[in-house]
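Listing of data34.pdb; format and content: PDB, C-alpha atoms.
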```
MODEL        1
ATOM      1  CA  TRP A 119     -23.408 -27.736  25.437  1.00  0.00           C
ATOM      2  CA  GLN A 120     -25.261 -28.643  28.552  1.00  0.00           C
ATOM      3  CA  LYS A 121     -28.485 -27.170  29.710  1.00  0.00           C
ATOM      4  CA  VAL A 122     -28.590 -25.868  33.263  1.00  0.00           C
ATOM      5  CA  THR A 123     -31.595 -25.692  35.536  1.00  0.00           C
ATOM      6  CA  VAL A 124     -31.922 -22.522  37.606  1.00  0.00           C
ATOM      7  CA  ASN A 125     -35.027 -21.974  39.758  1.00  0.00           C
ATOM      8  CA  ASP A 126     -36.894 -24.698  37.836  1.00  0.00           C
ATOM      9  CA  THR A 127     -36.024 -22.990  34.520  1.00  0.00           C
ATOM     10  CA  VAL A 128     -33.917 -24.815  31.939  1.00  0.00           C
ATOM     11  CA  ILE A 129     -31.259 -22.542  30.420  1.00  0.00           C
ATOM     12  CA  ASP A 130     -29.206 -23.316  27.334  1.00  0.00           C
ATOM     13  CA  PHE A 131     -25.872 -21.720  28.233  1.00  0.00           C
ATOM     14  CA  ARG A 132     -24.733 -21.262  24.630  1.00  0.00           C
ATOM     15  CA  ALA A 133     -27.974 -19.535  23.622  1.00  0.00           C
ATOM     16  CA  ALA A 134     -27.872 -17.332  26.714  1.00  0.00           C
ATOM     17  CA  LEU A 135     -24.260 -16.351  26.059  1.00  0.00           C
ATOM     18  CA  LEU A 136     -24.968 -15.574  22.401  1.00  0.00           C
ATOM     19  CA  THR A 137     -27.988 -13.459  23.307  1.00  0.00           C
ATOM     20  CA  ALA A 138     -26.043 -11.538  25.953  1.00  0.00           C
ATOM     21  CA  CYS A 139     -23.165 -10.866  23.530  1.00  0.00           C
ATOM     22  CA  GLN A 140     -25.509  -9.723  20.756  1.00  0.00           C
ATOM     23  CA  ASN A 141     -27.424  -7.416  23.080  1.00  0.00           C
ATOM     24  CA  ASP A 142     -24.274  -5.867  24.536  1.00  0.00           C
ATOM     25  CA  PHE A 143     -22.702  -5.489  21.083  1.00  0.00           C
ATOM     26  CA  GLY A 144     -25.826  -3.785  19.727  1.00  0.00           C
ATOM     27  CA  GLU A 145     -26.054  -1.408  22.675  1.00  0.00           C
ATOM     28  CA  GLN A 146     -22.412  -0.403  22.390  1.00  0.00           C
ATOM     29  CA  ILE A 147     -22.608   0.198  18.655  1.00  0.00           C
ATOM     30  CA  ASP A 148     -25.759   2.283  19.071  1.00  0.00           C
ATOM     31  CA  ALA A 149     -24.344   4.368  21.913  1.00  0.00           C
ATOM     32  CA  GLU A 150     -21.781   7.070  21.340  1.00  0.00           C
ATOM     33  CA  ILE A 151     -18.629   6.001  23.135  1.00  0.00           C
ATOM     34  CA  LYS A 152     -16.853   8.945  24.699  1.00  0.00           C
ATOM     35  CA  ASP A 153     -14.778   7.713  27.593  1.00  0.00           C
ATOM     36  CA  GLU A 154     -11.794   5.383  27.578  1.00  0.00           C
ATOM     37  CA  GLY A 155     -13.446   2.739  29.768  1.00  0.00           C
ATOM     38  CA  LYS A 156     -16.353   2.316  27.381  1.00  0.00           C
ATOM     39  CA  ARG A 157     -13.988   2.233  24.408  1.00  0.00           C
ATOM     40  CA  LYS A 158     -11.968  -0.555  26.008  1.00  0.00           C
ATOM     41  CA  ARG A 159     -15.166  -2.425  26.793  1.00  0.00           C
ATOM     42  CA  LEU A 160     -16.297  -2.246  23.159  1.00  0.00           C
ATOM     43  CA  VAL A 161     -12.930  -3.463  21.880  1.00  0.00           C
ATOM     44  CA  ASN A 162     -12.756  -6.255  24.473  1.00  0.00           C
ATOM     45  CA  ASN A 163     -16.319  -7.389  23.741  1.00  0.00           C
ATOM     46  CA  VAL A 164     -15.562  -7.456  20.026  1.00  0.00           C
ATOM     47  CA  LEU A 165     -12.425  -9.516  20.690  1.00  0.00           C
ATOM     48  CA  PHE A 166     -14.451 -11.885  22.878  1.00  0.00           C
ATOM     49  CA  ILE A 167     -17.066 -12.324  20.149  1.00  0.00           C
ATOM     50  CA  GLY A 168     -14.277 -12.996  17.664  1.00  0.00           C
ATOM     51  CA  LYS A 169     -12.703 -15.619  19.916  1.00  0.00           C
ATOM     52  CA  LEU A 170     -16.082 -17.314  20.376  1.00  0.00           C
ATOM     53  CA  PHE A 171     -16.354 -17.533  16.594  1.00  0.00           C
ATOM     54  CA  CYS A 172     -12.824 -18.925  16.260  1.00  0.00           C
ATOM     55  CA  LYS A 173     -13.701 -21.660  18.772  1.00  0.00           C
ATOM     56  CA  GLY A 174     -16.791 -22.598  16.753  1.00  0.00           C
ATOM     57  CA  LEU A 175     -19.290 -21.216  19.251  1.00  0.00           C
ATOM     58  CA  LEU A 176     -20.773 -18.595  16.921  1.00  0.00           C
ATOM     59  CA  PRO A 177     -21.897 -19.165  13.343  1.00  0.00           C
ATOM     60  CA  GLU A 178     -20.248 -17.372  10.435  1.00  0.00           C
ATOM     61  CA  LYS A 179     -23.508 -15.556   9.686  1.00  0.00           C
ATOM     62  CA  ILE A 180     -23.374 -13.801  13.074  1.00  0.00           C
ATOM     63  CA  MET A 181     -19.741 -12.818  12.487  1.00  0.00           C
ATOM     64  CA  HIS A 182     -20.603 -11.244   9.145  1.00  0.00           C
ATOM     65  CA  MET A 183     -23.486  -9.361  10.758  1.00  0.00           C
ATOM     66  CA  CYS A 184     -21.148  -7.958  13.421  1.00  0.00           C
ATOM     67  CA  ILE A 185     -18.554  -6.922  10.837  1.00  0.00           C
ATOM     68  CA  GLN A 186     -21.169  -5.353   8.575  1.00  0.00           C
ATOM     69  CA  GLN A 187     -22.672  -3.393  11.453  1.00  0.00           C
ATOM     70  CA  LEU A 188     -19.265  -2.143  12.615  1.00  0.00           C
ATOM     71  CA  MET A 189     -18.268  -1.372   9.026  1.00  0.00           C
ATOM     72  CA  ALA A 190     -21.397   0.707   8.428  1.00  0.00           C
ATOM     73  CA  CYS A 191     -20.816   2.699  11.626  1.00  0.00           C
ATOM     74  CA  ALA A 192     -17.115   3.183  10.890  1.00  0.00           C
ATOM     75  CA  MET A 193     -17.769   4.269   7.302  1.00  0.00           C
ATOM     76  CA  SER A 194     -20.402   6.814   8.291  1.00  0.00           C
ATOM     77  CA  SER A 195     -18.888   8.268  11.452  1.00  0.00           C
ATOM     78  CA  HIS A 196     -15.133   7.609  11.101  1.00  0.00           C
ATOM     79  CA  SER A 197     -15.285   7.045  14.862  1.00  0.00           C
ATOM     80  CA  GLU A 198     -11.956   6.034  16.355  1.00  0.00           C
ATOM     81  CA  GLN A 199     -13.593   3.433  18.572  1.00  0.00           C
ATOM     82  CA  GLU A 200     -15.565   1.781  15.790  1.00  0.00           C
ATOM     83  CA  VAL A 201     -12.643   1.699  13.347  1.00  0.00           C
ATOM     84  CA  GLU A 202     -10.389   0.196  16.017  1.00  0.00           C
ATOM     85  CA  ALA A 203     -13.008  -2.382  17.021  1.00  0.00           C
ATOM     86  CA  LEU A 204     -13.601  -3.290  13.368  1.00  0.00           C
ATOM     87  CA  CYS A 205      -9.884  -3.769  12.706  1.00  0.00           C
ATOM     88  CA  LYS A 206      -9.413  -5.892  15.820  1.00  0.00           C
ATOM     89  CA  LEU A 207     -12.420  -8.043  14.972  1.00  0.00           C
ATOM     90  CA  ILE A 208     -11.269  -8.673  11.397  1.00  0.00           C
ATOM     91  CA  ASN A 209      -7.737  -9.311  12.671  1.00  0.00           C
ATOM     92  CA  THR A 210      -9.154 -11.947  15.034  1.00  0.00           C
ATOM     93  CA  VAL A 211     -11.541 -13.722  12.648  1.00  0.00           C
ATOM     94  CA  GLY A 212     -10.199 -12.840   9.205  1.00  0.00           C
ATOM     95  CA  LYS A 213      -8.230 -16.021   8.638  1.00  0.00           C
ATOM     96  CA  GLU A 214     -11.292 -18.178   9.372  1.00  0.00           C
ATOM     97  CA  LEU A 215     -13.642 -16.024   7.280  1.00  0.00           C
ATOM     98  CA  ASP A 216     -11.359 -15.553   4.285  1.00  0.00           C
ATOM     99  CA  HIS A 217     -12.222 -18.532   2.109  1.00  0.00           C
ATOM    100  CA  PRO A 218     -13.502 -18.871  -1.475  1.00  0.00           C
ATOM    101  CA  ALA A 219     -17.051 -19.619  -0.340  1.00  0.00           C
ATOM    102  CA  SER A 220     -17.238 -16.223   1.389  1.00  0.00           C
ATOM    103  CA  PRO A 221     -17.246 -13.396  -1.153  1.00  0.00           C
ATOM    104  CA  ALA A 222     -17.846 -10.845   1.613  1.00  0.00           C
ATOM    105  CA  VAL A 223     -14.226 -10.606   2.794  1.00  0.00           C
ATOM    106  CA  PRO A 224     -12.866  -8.968  -0.396  1.00  0.00           C
ATOM    107  CA  THR A 225     -15.714  -6.453  -0.125  1.00  0.00           C
ATOM    108  CA  TYR A 226     -14.716  -5.689   3.464  1.00  0.00           C
ATOM    109  CA  PHE A 227     -11.175  -4.957   2.342  1.00  0.00           C
ATOM    110  CA  GLU A 228     -12.331  -2.742  -0.517  1.00  0.00           C
ATOM    111  CA  LYS A 229     -14.307  -0.701   2.012  1.00  0.00           C
ATOM    112  CA  LEU A 230     -11.385  -0.654   4.445  1.00  0.00           C
ATOM    113  CA  THR A 231      -9.076   0.642   1.711  1.00  0.00           C
ATOM    114  CA  LYS A 232     -11.534   3.441   0.941  1.00  0.00           C
ATOM    115  CA  LEU A 233     -11.949   4.187   4.642  1.00  0.00           C
ATOM    116  CA  SER A 234      -8.178   4.406   5.173  1.00  0.00           C
ATOM    117  CA  LYS A 235      -7.998   7.149   2.541  1.00  0.00           C
ATOM    118  CA  ASP A 236     -10.791   9.116   4.205  1.00  0.00           C
ATOM    119  CA  LEU A 237      -9.394   9.023   7.746  1.00  0.00           C
ATOM    120  CA  GLU A 238      -7.458  11.913   9.217  1.00  0.00           C
ATOM    121  CA  MET A 239      -5.930  10.023  12.163  1.00  0.00           C
ATOM    122  CA  ALA A 240      -2.672   8.333  11.169  1.00  0.00           C
ATOM    123  CA  ARG A 241      -3.048   5.683  13.886  1.00  0.00           C
ATOM    124  CA  LEU A 242      -6.315   4.473  12.363  1.00  0.00           C
ATOM    125  CA  ARG A 243      -4.928   4.528   8.833  1.00  0.00           C
ATOM    126  CA  PHE A 244      -2.008   2.372   9.971  1.00  0.00           C
ATOM    127  CA  LEU A 245      -4.341  -0.051  11.765  1.00  0.00           C
ATOM    128  CA  ILE A 246      -6.159  -0.576   8.476  1.00  0.00           C
ATOM    129  CA  LEU A 247      -2.978  -0.755   6.406  1.00  0.00           C
ATOM    130  CA  ASP A 248      -1.526  -3.331   8.818  1.00  0.00           C
ATOM    131  CA  LEU A 249      -4.689  -5.388   8.441  1.00  0.00           C
ATOM    132  CA  ILE A 250      -4.520  -5.206   4.634  1.00  0.00           C
ATOM    133  CA  GLU A 251      -0.882  -6.294   4.758  1.00  0.00           C
ATOM    134  CA  LEU A 252      -1.734  -9.173   7.093  1.00  0.00           C
ATOM    135  CA  ARG A 253      -4.293 -10.465   4.591  1.00  0.00           C
ATOM    136  CA  GLU A 254      -1.852 -10.078   1.712  1.00  0.00           C
ATOM    137  CA  ASN A 255       0.569 -12.277   3.689  1.00  0.00           C
ATOM    138  CA  ASN A 256      -2.095 -15.000   4.055  1.00  0.00           C
ATOM    139  CA  TRP A 257      -2.866 -13.950   7.645  1.00  0.00           C
ATOM    140  CA  LYS A 258       0.693 -14.602   8.821  1.00  0.00           C
ATOM    141  CA  PRO A 259       2.168 -11.763  10.909  1.00  0.00           C
TER     142      PRO A 259
ENDMDL
END
```
Please express the file's structure as structure tokens.
Amino acid sequence: WQKVTVNDTVIDFRAALLTACQNDFGEQIDAEIKDEGKRKRLVNNVLFIGKLFCKGLLPEKIMHMCIQQLMACAMSSHSEQEVEALCKLINTVGKELDHPASPAVPTYFEKLTKLSKDLEMARLRFLILDLIELRENNWKP
């Protein structure tokens, strides 16, 4: 990655992008998302973060932090937006994260299985069940 000079200040683009993504992600998770536009923004930002990880621009540690934060929110609130964002993120990065050196992924799926049983909305249950099935098929749709 190249460093860019703006107004006599040297900026590391990768670090700036990572910081902006982390800040936006944290703000969206902390805020209660009520309207459709904000929901779409959360889901799209999560997908973007996942794609950055898949391209090798974010470390695995950051990905696990994002998943754990979304998982905690989804487990406690059963919020439609957070469950959907969590499922889309794991769908995007699951194949890359699911390796023997990472014992966290089986834990995620244990929690997702429990969450699917606690949810009232069928759409969210099916999102989770589809994700579980995808993993069982070695991440092949």
So which residues touch Thr210 (chain A) within 9 Å, counting all atoms listed in the file, skipping near sequence neighbours fewer than 4 positions away, as an NGL selection string? :A and (165 or 168-169 or 172 or 205-206 or 214)
For the interface of region 178-207 of chain A with region 155-162 of chain A (cut-off 12 Å, counting only C-alpha atoms), please tabulate each contacting residue of region 178-207 of chain A alongside its nearest pair of atoms and their separation in Å to one decimal, rows sorted by chain and increasing number, as a Markdown table.
```
| residue | atom | partner | partner_atom | distance |
| --- | --- | --- | --- | --- |
| A:Leu188 | CA | A:Leu160 | CA | 11.0 |
| A:Ser197 | CA | A:Arg157 | CA | 10.8 |
| A:Glu198 | CA | A:Arg157 | CA | 9.1 |
| A:Gln199 | CA | A:Arg157 | CA | 6.0 |
| A:Glu200 | CA | A:Leu160 | CA | 8.4 |
| A:Val201 | CA | A:Val161 | CA | 10.0 |
| A:Glu202 | CA | A:Val161 | CA | 7.4 |
| A:Ala203 | CA | A:Val161 | CA | 5.0 |
| A:Leu204 | CA | A:Val161 | CA | 8.5 |
| A:Cys205 | CA | A:Val161 | CA | 9.7 |
| A:Lys206 | CA | A:Val161 | CA | 7.4 |
| A:Leu207 | CA | A:Val161 | CA | 8.3 |
```
For this file, the PyMOL selection byres ((chain A and resi 246-250) around 12) selects which residues, as a ChimeraX atom specification? /A:192,198,201-213,223-224,226-237,239-245,251-259
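For the atom pair formed by CA of Phe166 (chain A) and CA of Glu178 (chain A), the distance is 14.8 Å, given to one decimal.
CA of Met193 (chain A) is positioned 28.2 Å from CA of Leu175 (chain A).
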Around region 171-183 of chain A, with edges along x, y and z and 6 Å added on all six sides, what centre and edge lengths do you get, in Å to one decimal, as JSON?
```
{"center_x": -18.2, "center_y": -16.0, "center_z": 14.2, "size_x": 22.7, "size_y": 25.2, "size_z": 22.1}
```
Would you mind telling me which residue in A:Leu215, A:Ala222, A:Ile185, A:Cys191 lies nearest to Val164 (chain A) when using only C-alpha atoms?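 Counting only C-alpha atoms, the residue closest to Val164 (chain A) is A:Ile185.
Counting from CA of Gly174 (chain A), the distance to CA of Asp216 (chain A) is 15.3 Å.
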